>>> print(open('my_file.cif').read())   # mmCIF, C-alpha atoms (C1' of nucleotides)
data_protein
#
loop_
_atom_site.label_atom_id
_atom_site.label_comp_id
_atom_site.auth_asym_id
_atom_site.auth_seq_id
_atom_site.Cartn_x
_atom_site.Cartn_y
_atom_site.Cartn_z
CA MET A 1 -71.89 22.89 14.68
CA SER A 2 -70.46 26.16 15.87
CA VAL A 3 -70.10 27.55 12.33
CA ARG A 4 -73.84 28.09 12.33
CA TYR A 5 -73.68 30.02 15.58
CA ALA A 6 -70.77 32.06 14.34
CA ILE A 7 -72.92 33.05 11.37
CA LEU A 8 -75.87 33.91 13.62
CA GLY A 9 -73.55 35.94 15.82
CA LEU A 10 -72.08 37.91 12.94
CA LEU A 11 -75.55 38.70 11.62
CA HIS A 12 -76.18 40.54 14.91
CA TYR A 13 -73.77 43.23 13.78
CA ARG A 14 -75.37 43.69 10.38
CA ASN A 15 -76.70 41.81 7.40
CA MET A 16 -73.99 40.06 5.46
CA HIS A 17 -73.46 37.82 2.49
CA GLY A 18 -71.49 34.59 2.46
CA TYR A 19 -68.26 36.05 1.21
CA GLU A 20 -68.21 38.65 3.96
CA ILE A 21 -68.98 36.06 6.63
CA LYS A 22 -65.97 34.01 5.56
CA ARG A 23 -63.72 37.04 5.72
CA HIS A 24 -65.05 38.02 9.12
CA ILE A 25 -64.51 34.59 10.61
CA GLU A 26 -60.98 34.40 9.29
CA ASN A 27 -59.86 37.89 10.19
CA HIS A 28 -61.81 38.95 13.19
CA PHE A 29 -61.89 35.88 15.36
CA GLY A 30 -58.30 36.29 16.48
CA SER A 31 -57.09 34.59 13.30
CA MET A 32 -57.59 31.29 15.01
CA TRP A 33 -60.11 29.71 12.66
CA THR A 34 -60.13 28.99 8.99
CA ILE A 35 -63.27 28.29 7.07
CA ASN A 36 -64.18 27.50 3.47
CA TYR A 37 -67.07 28.09 1.15
CA GLY A 38 -67.86 24.40 1.37
CA GLN A 39 -69.04 25.15 4.90
CA ILE A 40 -70.47 28.63 4.46
CA TYR A 41 -72.85 28.28 1.52
CA PRO A 42 -74.44 24.91 2.35
CA ASN A 43 -74.98 26.14 5.91
CA LEU A 44 -76.55 29.40 4.77
CA LYS A 45 -78.87 27.41 2.56
CA SER A 46 -80.03 25.01 5.28
CA MET A 47 -80.29 27.77 7.87
CA GLU A 48 -82.56 29.69 5.56
CA GLU A 49 -84.71 26.60 5.06
CA GLU A 50 -84.94 26.19 8.84
CA GLY A 51 -85.94 29.81 9.26
CA CYS A 52 -82.97 31.02 11.33
CA ILE A 53 -81.93 33.49 8.68
CA THR A 54 -83.70 35.13 5.79
CA LEU A 55 -82.79 36.79 2.53
CA ASP A 56 -82.84 40.52 3.02
CA ASN A 57 -81.90 41.57 -0.43
CA VAL A 58 -80.62 40.05 -3.61
CA THR A 59 -78.66 42.32 -5.90
CA PRO A 60 -78.95 40.80 -9.34
CA SER A 61 -76.20 41.16 -11.85
CA GLU A 62 -77.25 42.93 -15.06
CA ARG A 63 -77.45 39.88 -17.30
CA GLY A 64 -77.37 36.48 -15.65
CA GLY A 65 -78.37 34.81 -12.40
CA PRO A 66 -78.69 36.26 -8.91
CA HIS A 67 -75.69 37.82 -7.30
CA LYS A 68 -74.78 39.00 -3.80
CA LYS A 69 -77.31 37.55 -1.43
CA LEU A 70 -77.67 39.54 1.77
CA TYR A 71 -78.79 37.51 4.75
CA ALA A 72 -80.48 38.74 7.93
CA ILE A 73 -81.14 36.96 11.21
CA THR A 74 -84.76 36.12 12.08
CA PRO A 75 -86.35 36.20 15.57
CA MET A 76 -86.10 32.39 15.56
CA GLY A 77 -82.41 32.65 14.78
CA GLN A 78 -81.94 35.11 17.63
CA GLU A 79 -83.69 32.71 19.98
CA LYS A 80 -81.43 29.82 18.98
CA PHE A 81 -78.35 32.01 19.25
CA LYS A 82 -79.30 33.15 22.74
CA THR A 83 -79.76 29.60 23.97
CA TRP A 84 -76.35 28.64 22.61
CA LEU A 85 -74.68 31.72 24.10
CA GLU A 86 -75.96 30.87 27.56
CA SER A 87 -75.01 27.21 27.32
CA GLU A 88 -71.89 26.01 29.09
CA GLU A 89 -70.63 23.51 26.59
CA ASN A 90 -66.90 23.37 27.13
CA THR A 91 -64.12 21.23 25.82
CA ARG A 92 -60.39 21.14 26.47
CA ILE A 93 -58.21 23.25 24.23
CA SER A 94 -57.21 20.96 21.42
CA LEU A 95 -54.13 21.85 19.49
CA ARG A 96 -53.83 19.76 16.38
CA ASP A 97 -50.59 20.97 14.98
CA PRO A 98 -48.81 18.73 12.44
CA PHE A 99 -45.52 20.26 13.49
CA LEU A 100 -45.96 19.34 17.15
CA MET A 101 -46.98 15.84 16.15
CA ARG A 102 -43.68 15.46 14.32
CA PHE A 103 -41.76 17.22 17.08
CA ILE A 104 -42.67 14.53 19.58
CA PHE A 105 -40.85 12.00 17.43
CA PHE A 106 -37.78 14.08 16.57
CA GLY A 107 -35.79 11.75 18.79
CA PHE A 108 -36.16 9.09 16.10
CA GLY A 109 -34.64 11.32 13.44
CA ASN A 110 -31.38 13.23 13.36
CA GLN A 111 -30.58 16.44 15.17
CA GLU A 112 -29.90 18.64 12.14
CA GLN A 113 -33.26 17.70 10.63
CA ALA A 114 -34.94 18.58 13.91
CA LEU A 115 -33.22 21.96 14.13
CA ALA A 116 -34.01 22.81 10.51
CA ASN A 117 -37.63 21.88 11.11
CA ILE A 118 -37.78 24.05 14.22
CA ASP A 119 -36.22 27.01 12.38
CA ASN A 120 -38.81 26.65 9.66
CA GLN A 121 -41.62 26.61 12.19
CA LEU A 122 -40.11 29.63 13.95
CA LYS A 123 -40.15 31.59 10.71
CA ILE A 124 -43.79 30.74 10.09
CA GLN A 125 -44.83 31.61 13.63
CA GLU A 126 -42.93 34.90 13.60
CA LYS A 127 -44.57 35.92 10.36
CA GLN A 128 -47.94 35.04 11.82
CA LEU A 129 -47.27 37.01 15.00
CA GLU A 130 -46.39 40.04 12.92
CA SER A 131 -49.67 39.88 11.01
CA ARG A 132 -51.58 39.31 14.23
CA ARG A 133 -50.08 42.45 15.71
CA GLN A 134 -50.92 44.50 12.64
CA HIS A 135 -54.43 43.16 12.86
CA LEU A 136 -54.76 43.91 16.57
CA LYS A 137 -53.83 47.54 15.95
CA ARG A 138 -56.59 47.91 13.39
CA TRP A 139 -59.21 46.02 15.41
CA GLN A 140 -58.59 47.34 18.89
CA ALA A 141 -61.71 49.46 18.86
CA ARG A 142 -64.09 46.68 17.79
CA GLY A 143 -65.37 45.90 21.26
CA LYS A 144 -63.64 44.31 24.22
CA TYR A 145 -64.57 40.70 23.52
CA VAL A 146 -63.24 40.68 19.99
CA ARG A 147 -60.13 42.53 21.18
CA LEU A 148 -59.56 40.13 24.07
CA VAL A 149 -59.72 37.10 21.79
CA ALA A 150 -57.26 38.74 19.43
CA GLU A 151 -54.97 39.35 22.41
CA LEU A 152 -55.21 35.71 23.43
CA GLY A 153 -54.21 34.75 19.91
CA GLU A 154 -51.19 36.99 20.20
CA GLU A 155 -50.25 35.55 23.57
CA PHE A 156 -50.49 31.97 22.33
CA ASN A 157 -48.46 32.90 19.29
CA SER A 158 -45.66 34.57 21.19
CA GLY A 159 -45.69 31.85 23.84
CA TYR A 160 -45.25 29.30 21.10
CA ILE A 161 -42.29 31.23 19.67
CA LYS A 162 -40.61 31.47 23.07
CA TRP A 163 -41.09 27.75 23.54
CA LEU A 164 -39.66 26.99 20.08
CA LYS A 165 -36.55 28.98 20.91
CA ARG A 166 -36.13 27.25 24.24
CA ALA A 167 -36.69 23.85 22.64
CA ARG A 168 -34.07 24.67 20.00
CA GLN A 169 -31.58 25.61 22.69
CA GLU A 170 -32.21 22.49 24.73
CA ILE A 171 -31.77 20.27 21.69
CA MET A 172 -28.44 21.94 20.90
CA ASP A 173 -27.18 21.89 24.49
CA ILE A 174 -27.74 18.33 25.49
CA GLN A 175 -26.76 15.84 22.84
CA ASP A 176 -28.11 12.86 24.71
CA ASP A 177 -31.22 12.56 26.77
CA MET B 1 -53.76 11.70 8.22
CA SER B 2 -51.40 12.22 11.13
CA VAL B 3 -53.12 9.60 13.29
CA ARG B 4 -51.40 6.98 11.19
CA TYR B 5 -48.01 8.57 11.75
CA ALA B 6 -48.67 8.90 15.45
CA ILE B 7 -49.31 5.16 15.52
CA LEU B 8 -46.14 4.45 13.54
CA GLY B 9 -44.19 6.70 15.88
CA LEU B 10 -45.49 5.03 19.03
CA LEU B 11 -44.64 1.60 17.63
CA HIS B 12 -41.00 2.74 17.58
CA TYR B 13 -40.98 2.58 21.38
CA ARG B 14 -42.45 -0.89 21.57
CA ASN B 15 -45.17 -3.09 20.19
CA MET B 16 -48.61 -1.99 21.32
CA HIS B 17 -52.24 -2.83 20.93
CA GLY B 18 -55.01 -0.41 20.02
CA TYR B 19 -56.14 0.35 23.52
CA GLU B 20 -52.62 1.28 24.60
CA ILE B 21 -52.14 3.48 21.53
CA LYS B 22 -55.25 5.44 22.42
CA ARG B 23 -54.06 5.93 25.98
CA HIS B 24 -50.63 6.98 24.83
CA ILE B 25 -51.95 9.56 22.39
CA GLU B 26 -54.27 11.04 25.00
CA ASN B 27 -51.89 11.07 27.93
CA HIS B 28 -48.44 11.41 26.54
CA PHE B 29 -48.80 13.93 23.78
CA GLY B 30 -49.07 16.83 26.18
CA SER B 31 -52.78 16.05 26.69
CA MET B 32 -53.50 18.13 23.63
CA TRP B 33 -55.18 15.53 21.45
CA THR B 34 -58.17 13.32 21.90
CA ILE B 35 -58.79 10.26 19.82
CA ASN B 36 -61.43 7.58 19.63
CA TYR B 37 -61.57 3.93 18.78
CA GLY B 38 -63.45 4.82 15.63
CA GLN B 39 -60.13 6.18 14.39
CA ILE B 40 -57.73 3.71 15.98
CA TYR B 41 -59.07 0.32 14.96
CA PRO B 42 -60.02 1.02 11.32
CA ASN B 43 -56.60 2.62 10.84
CA LEU B 44 -54.78 -0.31 12.41
CA LYS B 45 -56.69 -2.61 10.08
CA SER B 46 -55.89 -0.70 6.90
CA MET B 47 -52.29 -0.10 7.94
CA GLU B 48 -51.84 -3.82 8.40
CA GLU B 49 -53.33 -4.44 4.95
CA GLU B 50 -50.89 -1.92 3.48
CA GLY B 51 -47.97 -3.57 5.22
CA CYS B 52 -46.89 -0.68 7.45
CA ILE B 53 -47.56 -2.65 10.59
CA THR B 54 -47.87 -6.32 11.35
CA LEU B 55 -49.44 -8.51 14.00
CA ASP B 56 -46.78 -9.56 16.43
CA ASN B 57 -48.89 -11.60 18.72
CA VAL B 58 -52.51 -12.34 19.40
CA THR B 59 -53.37 -13.39 22.92
CA PRO B 60 -56.61 -15.33 22.62
CA SER B 61 -59.11 -15.35 25.41
CA GLU B 62 -59.79 -18.86 26.80
CA ARG B 63 -63.15 -19.40 25.14
CA GLY B 64 -64.14 -17.04 22.38
CA GLY B 65 -62.58 -14.91 19.69
CA PRO B 66 -59.15 -13.31 19.53
CA HIS B 67 -58.18 -10.84 22.19
CA LYS B 68 -55.37 -8.33 22.62
CA LYS B 69 -53.70 -7.84 19.27
CA LEU B 70 -50.12 -6.66 19.54
CA TYR B 71 -48.92 -4.66 16.55
CA ALA B 72 -45.35 -4.09 15.41
CA ILE B 73 -43.95 -1.67 12.84
CA THR B 74 -42.53 -3.15 9.60
CA PRO B 75 -39.50 -1.86 7.64
CA MET B 76 -41.95 -0.36 5.16
CA GLY B 77 -43.70 1.42 8.02
CA GLN B 78 -40.38 2.76 9.26
CA GLU B 79 -39.62 4.07 5.79
CA LYS B 80 -42.95 5.90 5.56
CA PHE B 81 -42.54 7.31 9.03
CA LYS B 82 -39.07 8.63 8.25
CA THR B 83 -40.30 10.44 5.14
CA TRP B 84 -43.08 12.07 7.12
CA LEU B 85 -40.75 13.06 9.96
CA GLU B 86 -38.44 14.88 7.57
CA SER B 87 -41.25 16.65 5.76
CA GLU B 88 -41.97 20.27 6.55
CA GLU B 89 -45.73 20.31 6.35
CA ASN B 90 -46.84 23.12 8.62
CA THR B 91 -50.12 24.80 9.34
CA ARG B 92 -51.10 27.64 11.61
CA ILE B 93 -52.12 26.72 15.14
CA SER B 94 -55.85 26.34 15.06
CA LEU B 95 -57.71 26.70 18.28
CA ARG B 96 -61.26 25.53 17.91
CA ASP B 97 -62.63 26.14 21.34
CA PRO B 98 -66.42 26.33 21.72
CA PHE B 99 -65.96 28.57 24.73
CA LEU B 100 -63.91 31.13 22.82
CA MET B 101 -66.45 31.08 20.02
CA ARG B 102 -69.15 32.02 22.51
CA PHE B 103 -66.86 34.49 24.27
CA ILE B 104 -66.57 36.62 21.14
CA PHE B 105 -70.32 37.19 21.26
CA PHE B 106 -70.68 37.78 25.00
CA GLY B 107 -71.42 41.41 24.19
CA PHE B 108 -74.80 40.27 22.86
CA GLY B 109 -75.73 38.59 26.13
CA ASN B 110 -75.76 39.92 29.67
CA GLN B 111 -72.78 40.52 31.91
CA GLU B 112 -73.68 38.06 34.68
CA GLN B 113 -74.03 35.27 32.15
CA ALA B 114 -70.64 36.13 30.72
CA LEU B 115 -68.99 36.17 34.14
CA ALA B 116 -70.59 32.87 35.15
CA ASN B 117 -69.45 31.34 31.89
CA ILE B 118 -65.90 32.57 32.43
CA ASP B 119 -65.85 31.25 36.00
CA ASN B 120 -66.95 27.88 34.73
CA GLN B 121 -64.22 27.84 32.11
CA LEU B 122 -61.68 28.92 34.71
CA LYS B 123 -62.61 25.98 36.92
CA ILE B 124 -62.23 23.57 34.00
CA GLN B 125 -58.89 25.02 32.95
CA GLU B 126 -57.52 25.00 36.48
CA LYS B 127 -58.46 21.38 36.95
CA GLN B 128 -56.80 20.58 33.65
CA LEU B 129 -53.64 22.46 34.60
CA GLU B 130 -53.44 20.51 37.85
CA SER B 131 -53.64 17.18 36.02
CA ARG B 132 -51.10 18.38 33.46
CA ARG B 133 -48.65 19.19 36.24
CA GLN B 134 -49.15 15.83 37.88
CA HIS B 135 -48.57 14.25 34.52
CA LEU B 136 -45.44 16.28 33.82
CA LYS B 137 -43.90 15.10 37.09
CA ARG B 138 -44.40 11.48 36.13
CA TRP B 139 -43.27 11.90 32.53
CA GLN B 140 -40.29 14.19 32.94
CA ALA B 141 -37.84 11.37 32.27
CA ARG B 142 -39.47 10.17 29.04
CA GLY B 143 -37.13 12.00 26.71
CA LYS B 144 -36.76 15.69 26.01
CA TYR B 145 -39.18 15.93 23.09
CA VAL B 146 -42.08 14.40 24.94
CA ARG B 147 -41.24 16.50 27.98
CA LEU B 148 -41.01 19.71 25.93
CA VAL B 149 -44.42 19.17 24.38
CA ALA B 150 -45.88 18.51 27.81
CA GLU B 151 -44.32 21.78 28.96
CA LEU B 152 -45.83 23.64 26.04
CA GLY B 153 -49.21 22.21 27.02
CA GLU B 154 -48.68 23.53 30.53
CA GLU B 155 -47.66 26.94 29.25
CA PHE B 156 -50.69 27.24 26.98
CA ASN B 157 -52.90 26.11 29.81
CA SER B 158 -51.57 28.59 32.35
CA GLY B 159 -51.51 31.36 29.75
CA TYR B 160 -55.15 30.68 29.05
CA ILE B 161 -55.98 30.88 32.77
CA LYS B 162 -54.15 34.18 33.16
CA TRP B 163 -56.02 35.54 30.16
CA LEU B 164 -59.38 34.34 31.54
CA LYS B 165 -58.69 36.18 34.81
CA ARG B 166 -57.71 39.34 33.00
CA ALA B 167 -60.75 39.12 30.74
CA ARG B 168 -62.98 38.67 33.79
CA GLN B 169 -61.47 41.73 35.41
CA GLU B 170 -61.86 43.87 32.30
CA ILE B 171 -65.48 42.87 31.92
CA MET B 172 -66.18 43.82 35.53
CA ASP B 173 -64.26 47.10 35.39
CA ILE B 174 -65.65 48.70 32.31
CA GLN B 175 -69.39 48.42 31.99
CA ASP B 176 -69.52 49.95 28.57
CA ASP B 177 -67.14 49.50 25.68
"C1'" DT C 1 -71.62 -9.06 43.34
"C1'" DC C 2 -70.63 -5.00 41.37
"C1'" DT C 3 -67.75 -1.42 39.60
"C1'" DA C 4 -64.02 0.08 37.10
"C1'" DC C 5 -61.18 -0.66 33.68
"C1'" DC C 6 -59.15 -3.55 29.87
"C1'" DA C 7 -59.97 -4.73 25.11
"C1'" DT C 8 -61.85 -4.85 20.11
"C1'" DG C 9 -64.70 -3.54 16.79
"C1'" DT C 10 -68.59 -1.27 13.43
"C1'" DA C 11 -72.11 2.01 11.60
"C1'" DA C 12 -74.00 6.26 11.28
"C1'" DT C 13 -73.26 10.79 11.32
"C1'" DC C 14 -71.16 15.13 11.36
"C1'" DT C 15 -67.51 18.30 10.10
"C1'" DG C 16 -64.01 20.06 7.39
"C1'" DT C 17 -61.10 20.39 3.17
"C1'" DT C 18 -59.97 20.48 -1.68
"C1'" DA C 19 -60.94 21.05 -6.13
"C1'" DC C 20 -63.72 22.50 -9.48
"C1'" DA C 21 -67.01 25.63 -12.17
"C1'" DT C 22 -68.73 30.17 -13.13
"C1'" DG C 23 -68.88 34.95 -13.73
"C1'" DA C 24 -68.60 40.26 -12.20
"C1'" DT C 25 -66.00 44.23 -10.79
"C1'" DT C 26 -62.09 47.17 -9.75
"C1'" DG C 27 -57.70 49.17 -10.33
"C1'" DC C 28 -53.34 49.40 -12.78
"C1'" DG D 1 -56.02 44.11 -21.43
"C1'" DC D 2 -54.84 41.77 -17.27
"C1'" DA D 3 -54.54 40.63 -12.48
"C1'" DA D 4 -56.64 40.71 -8.21
"C1'" DT D 5 -60.45 40.36 -5.74
"C1'" DC D 6 -65.45 39.95 -5.20
"C1'" DA D 7 -69.07 36.61 -5.32
"C1'" DT D 8 -71.78 32.00 -5.30
"C1'" DG D 9 -72.02 27.46 -5.50
"C1'" DT D 10 -71.28 21.89 -5.79
"C1'" DA D 11 -69.02 17.26 -5.51
"C1'" DA D 12 -65.82 14.31 -3.75
"C1'" DC D 13 -63.21 13.15 -0.21
"C1'" DA D 14 -60.93 13.02 4.36
"C1'" DG D 15 -61.21 13.14 9.18
"C1'" DA D 16 -63.45 12.96 13.64
"C1'" DT D 17 -67.24 11.91 16.84
"C1'" DT D 18 -70.95 9.29 18.84
"C1'" DA D 19 -73.29 5.45 19.77
"C1'" DC D 20 -73.64 0.89 19.84
"C1'" DA D 21 -72.32 -4.12 20.56
"C1'" DT D 22 -69.48 -7.48 22.90
"C1'" DG D 23 -66.93 -9.61 26.36
"C1'" DG D 24 -62.70 -10.24 29.91
"C1'" DT D 25 -60.28 -9.22 34.28
"C1'" DA D 26 -59.14 -7.32 38.84
"C1'" DG D 27 -60.24 -5.61 43.09
"C1'" DA D 28 -63.36 -3.79 46.81
#
>>> encode(input="my_file.cif", output="structure tokens")
Amino acid sequence: MSVRYAILGLLHYRNMHGYEIKRHIENHFGSMWTINYGQIYPNLKSMEEEGCITLDNVTPSERGGPHKKLYAITPMGQEKFKTWLESEENTRISLRDPFLMRFIFFGFGNQEQALANIDNQLKIQEKQLESRRQHLKRWQARGKYVRLVAELGEEFNSGYIKWLKRARQEIMDIQDD
Amino acid sequence: MSVRYAILGLLHYRNMHGYEIKRHIENHFGSMWTINYGQIYPNLKSMEEEGCITLDNVTPSERGGPHKKLYAITPMGQEKFKTWLESEENTRISLRDPFLMRFIFFGFGNQEQALANIDNQLKIQEKQLESRRQHLKRWQARGKYVRLVAELGEEFNSGYIKWLKRARQEIMDIQDD
DNA sequence: TCTACCATGTAATCTGTTACATGATTGC
DNA sequence: GCAATCATGTAACAGATTACATGGTAGA
């Protein structure tokens, strides 16, 4: 459950509320993860119950229920985070990409379809690379670890694009394989 | 649910049983996916009920229940597969790597721990690259699409290693950031 | 004989996604 | 006044992992 540790990690920088945590995970982790409120809020709730985090401040809205809940990490949360940080749990890189899954079977379809599909993927990846680069510029000063992960994201992205172009060429060159 | 399409795709090559499908997905898809029986067998069952695949042959063991169920794709399965293959469902590459998640927060731990953690990851990645290369040699003749995906796996893998080495160097060089 | 691998399956659990519901605030 | 974005939350569902249970076969 690394979402919980991501939250504990982010709370080391400063106290945050759920909405901010989501934004941070999506933007500042090299744009390699997505996350939804369905994960954030239930986790914040259970982590508070366990005592890893605590409510620092609740800004109520004028009329109506509570609004903007600021969370802070507790000493217990810091302890748990430290243990996790020092652990050596490692898995292989897993790349679950629906496009690649289809790509493997392009031999069972027709060539034009395959090329159109590749062009579409190229467009998406190029757009993503552009936004990654913009992001890197803005976040370069955020500490070397964050920057390095953003750089890895960029490298994977541009490597993927190069590969797509090469794949496209190979499919056009050799009709039969 | 791309597992189902992966199964339909593999059954285009030849009839297979669950165990083989698992092996194929793990070894021949560029070693980028893992899968477990908890996904394979229930899916085979429901796909058979839906009529996408059919039992071709059941080799019974001498005494005891059925053994080795060979599945074949049906015309309906081929239809479904074709529709999926021509679709353009695309998502961003998502890289959920527990190591990278920890890496981002290495600034909150100590340097030696970070370096040891990186060295460990390097060892794992290098071992994986070696097995990928062995695999590529054996599978080069399996058709260009399969080969290309295997090559992408190799490129990601060696890119990751290069990045790990650079990250290690940067962490050693600059004490403060 | 024992180990490794072949082979099928289920149940419990965990994780992640989508869709919905609600309402405040900010800027044009 | 309206759109975009800030903000919190839940319910239903989909997908993946782990652990368990069972037994066969091949080779050292």
>>> residues_around(input="my_file.cif", residues="DA28 in chain D", least_positions_apart="3", cutoff="12 Å", atoms="only C-alpha atoms (C1' of nucleotides)", output="list in words")
DT1, DC2, DT3 and DA4 of chain C
>>> write_last_selection(input="my_file.cif", atoms="C-alpha atoms (C1' of nucleotides)", output="compact mmCIF listing (two decimals), in the coordinates of the input")
# COMPACT_ATOMS: atom_id res chain seq x y z
C1' DT C 1 -71.62 -9.06 43.34
C1' DC C 2 -70.63 -5.00 41.37
C1' DT C 3 -67.75 -1.42 39.60
C1' DA C 4 -64.02 0.08 37.10
>>> closest_atom_pairs(input="my_file.cif", of="chain A", to="chain B", cutoff="7 Å", atoms="all atoms listed in the file", output="Markdown table")
| residue | atom | partner | partner_atom | distance |
| --- | --- | --- | --- | --- |
| A:Gly9 | CA | B:Phe105 | CA | 6.4 |
| A:Met32 | CA | B:Ser94 | CA | 5.2 |
| A:Trp33 | CA | B:Ser94 | CA | 5.9 |
| A:Leu85 | CA | B:Arg102 | CA | 5.8 |
| A:Glu86 | CA | B:Gln113 | CA | 6.6 |
| A:Glu88 | CA | B:Asn117 | CA | 6.5 |
| A:Asn90 | CA | B:Phe99 | CA | 5.8 |
| A:Thr91 | CA | B:Asp97 | CA | 6.8 |
| A:Ile93 | CA | B:Asp97 | CA | 6.0 |
| A:Ser94 | CA | B:Met32 | CA | 5.2 |
| A:Leu95 | CA | B:Met32 | CA | 5.6 |
| A:Arg96 | CA | B:Trp33 | CA | 6.7 |
| A:Asp97 | CA | B:Ile93 | CA | 6.0 |
| A:Pro98 | CA | B:Asn90 | CA | 6.1 |
| A:Phe99 | CA | B:Asn90 | CA | 5.8 |
| A:Arg102 | CA | B:Leu85 | CA | 5.8 |
| A:Phe103 | CA | B:Tyr145 | CA | 6.7 |
| A:Ile104 | CA | B:Tyr145 | CA | 5.1 |
| A:Phe105 | CA | B:Gly9 | CA | 6.5 |
| A:Phe106 | CA | B:Tyr145 | CA | 6.9 |
| A:Gly107 | CA | B:Tyr145 | CA | 6.9 |
| A:Gln113 | CA | B:Glu86 | CA | 6.6 |
| A:Asn117 | CA | B:Glu88 | CA | 6.5 |
| A:Gly143 | CA | B:Asp177 | CA | 6.0 |
| A:Lys144 | CA | B:Asp177 | CA | 6.4 |
| A:Tyr145 | CA | B:Ile104 | CA | 5.1 |
| A:Val146 | CA | B:Ile104 | CA | 5.4 |
| A:Leu148 | CA | B:Ala167 | CA | 6.9 |
| A:Val149 | CA | B:Ile104 | CA | 6.9 |
| A:Leu152 | CA | B:Trp163 | CA | 6.8 |
| A:Phe156 | CA | B:Phe156 | CA | 6.6 |
| A:Trp163 | CA | B:Leu152 | CA | 6.8 |
| A:Ala167 | CA | B:Leu148 | CA | 6.8 |
| A:Asp177 | CA | B:Gly143 | CA | 5.9 |
>>> residues_around(input="my_file.cif", residues="Pro75 in chain A", least_positions_apart="3", cutoff="12 Å", atoms="all atoms listed in the file", output="NGL selection string")
:A and (8 or 11-12 or 51-54 or 72 or 78-82)
>>> interface_residues(input="my_file.cif", of="chain B", to="chain C", cutoff="8 Å", atoms="only C-alpha atoms (C1' of nucleotides)", output="PyMOL selection string")
chain B and resi 19+41+67-68
>>> resolve_selection(input="my_file.cif", expression="the PyMOL selection byres ((chain A) within 12 of (chain D))", output="PDB file with C-alpha atoms, in the frame of the given file")
ATOM      1  CA  HIS A  17     -73.460  37.820   2.490  1.00  0.00           C
ATOM      2  CA  GLY A  18     -71.490  34.590   2.460  1.00  0.00           C
ATOM      3  CA  TYR A  19     -68.260  36.050   1.210  1.00  0.00           C
ATOM      4  CA  GLU A  20     -68.210  38.650   3.960  1.00  0.00           C
ATOM      5  CA  ILE A  21     -68.980  36.060   6.630  1.00  0.00           C
ATOM      6  CA  LYS A  22     -65.970  34.010   5.560  1.00  0.00           C
ATOM      7  CA  ARG A  23     -63.720  37.040   5.720  1.00  0.00           C
ATOM      8  CA  ASN A  36     -64.180  27.500   3.470  1.00  0.00           C
ATOM      9  CA  TYR A  37     -67.070  28.090   1.150  1.00  0.00           C
ATOM     10  CA  GLY A  38     -67.860  24.400   1.370  1.00  0.00           C
ATOM     11  CA  GLN A  39     -69.040  25.150   4.900  1.00  0.00           C
ATOM     12  CA  ILE A  40     -70.470  28.630   4.460  1.00  0.00           C
ATOM     13  CA  TYR A  41     -72.850  28.280   1.520  1.00  0.00           C
ATOM     14  CA  PRO A  42     -74.440  24.910   2.350  1.00  0.00           C
ATOM     15  CA  ASN A  43     -74.980  26.140   5.910  1.00  0.00           C
ATOM     16  CA  LEU A  44     -76.550  29.400   4.770  1.00  0.00           C
ATOM     17  CA  LYS A  45     -78.870  27.410   2.560  1.00  0.00           C
ATOM     18  CA  THR A  59     -78.660  42.320  -5.900  1.00  0.00           C
ATOM     19  CA  PRO A  60     -78.950  40.800  -9.340  1.00  0.00           C
ATOM     20  CA  SER A  61     -76.200  41.160 -11.850  1.00  0.00           C
ATOM     21  CA  GLY A  65     -78.370  34.810 -12.400  1.00  0.00           C
ATOM     22  CA  PRO A  66     -78.690  36.260  -8.910  1.00  0.00           C
ATOM     23  CA  HIS A  67     -75.690  37.820  -7.300  1.00  0.00           C
ATOM     24  CA  LYS A  68     -74.780  39.000  -3.800  1.00  0.00           C
ATOM     25  CA  LYS A  69     -77.310  37.550  -1.430  1.00  0.00           C
ATOM     26  CA  LEU A  70     -77.670  39.540   1.770  1.00  0.00           C
TER      27      LEU A  70
END
>>> atom_distance(input="my_file.cif", atom1="CA of Ile25 in chain A", atom2="CA of Ile73 in chain A")
16.8 Å
>>> atom_distance(input="my_file.cif", atom1="CA of Arg14 in chain B", atom2="CA of Val58 in chain B")
15.4 Å
>>> atom_distance(input="my_file.cif", atom1="CA of Arg132 in chain A", atom2="CA of Glu154 in chain A")
6.4 Å
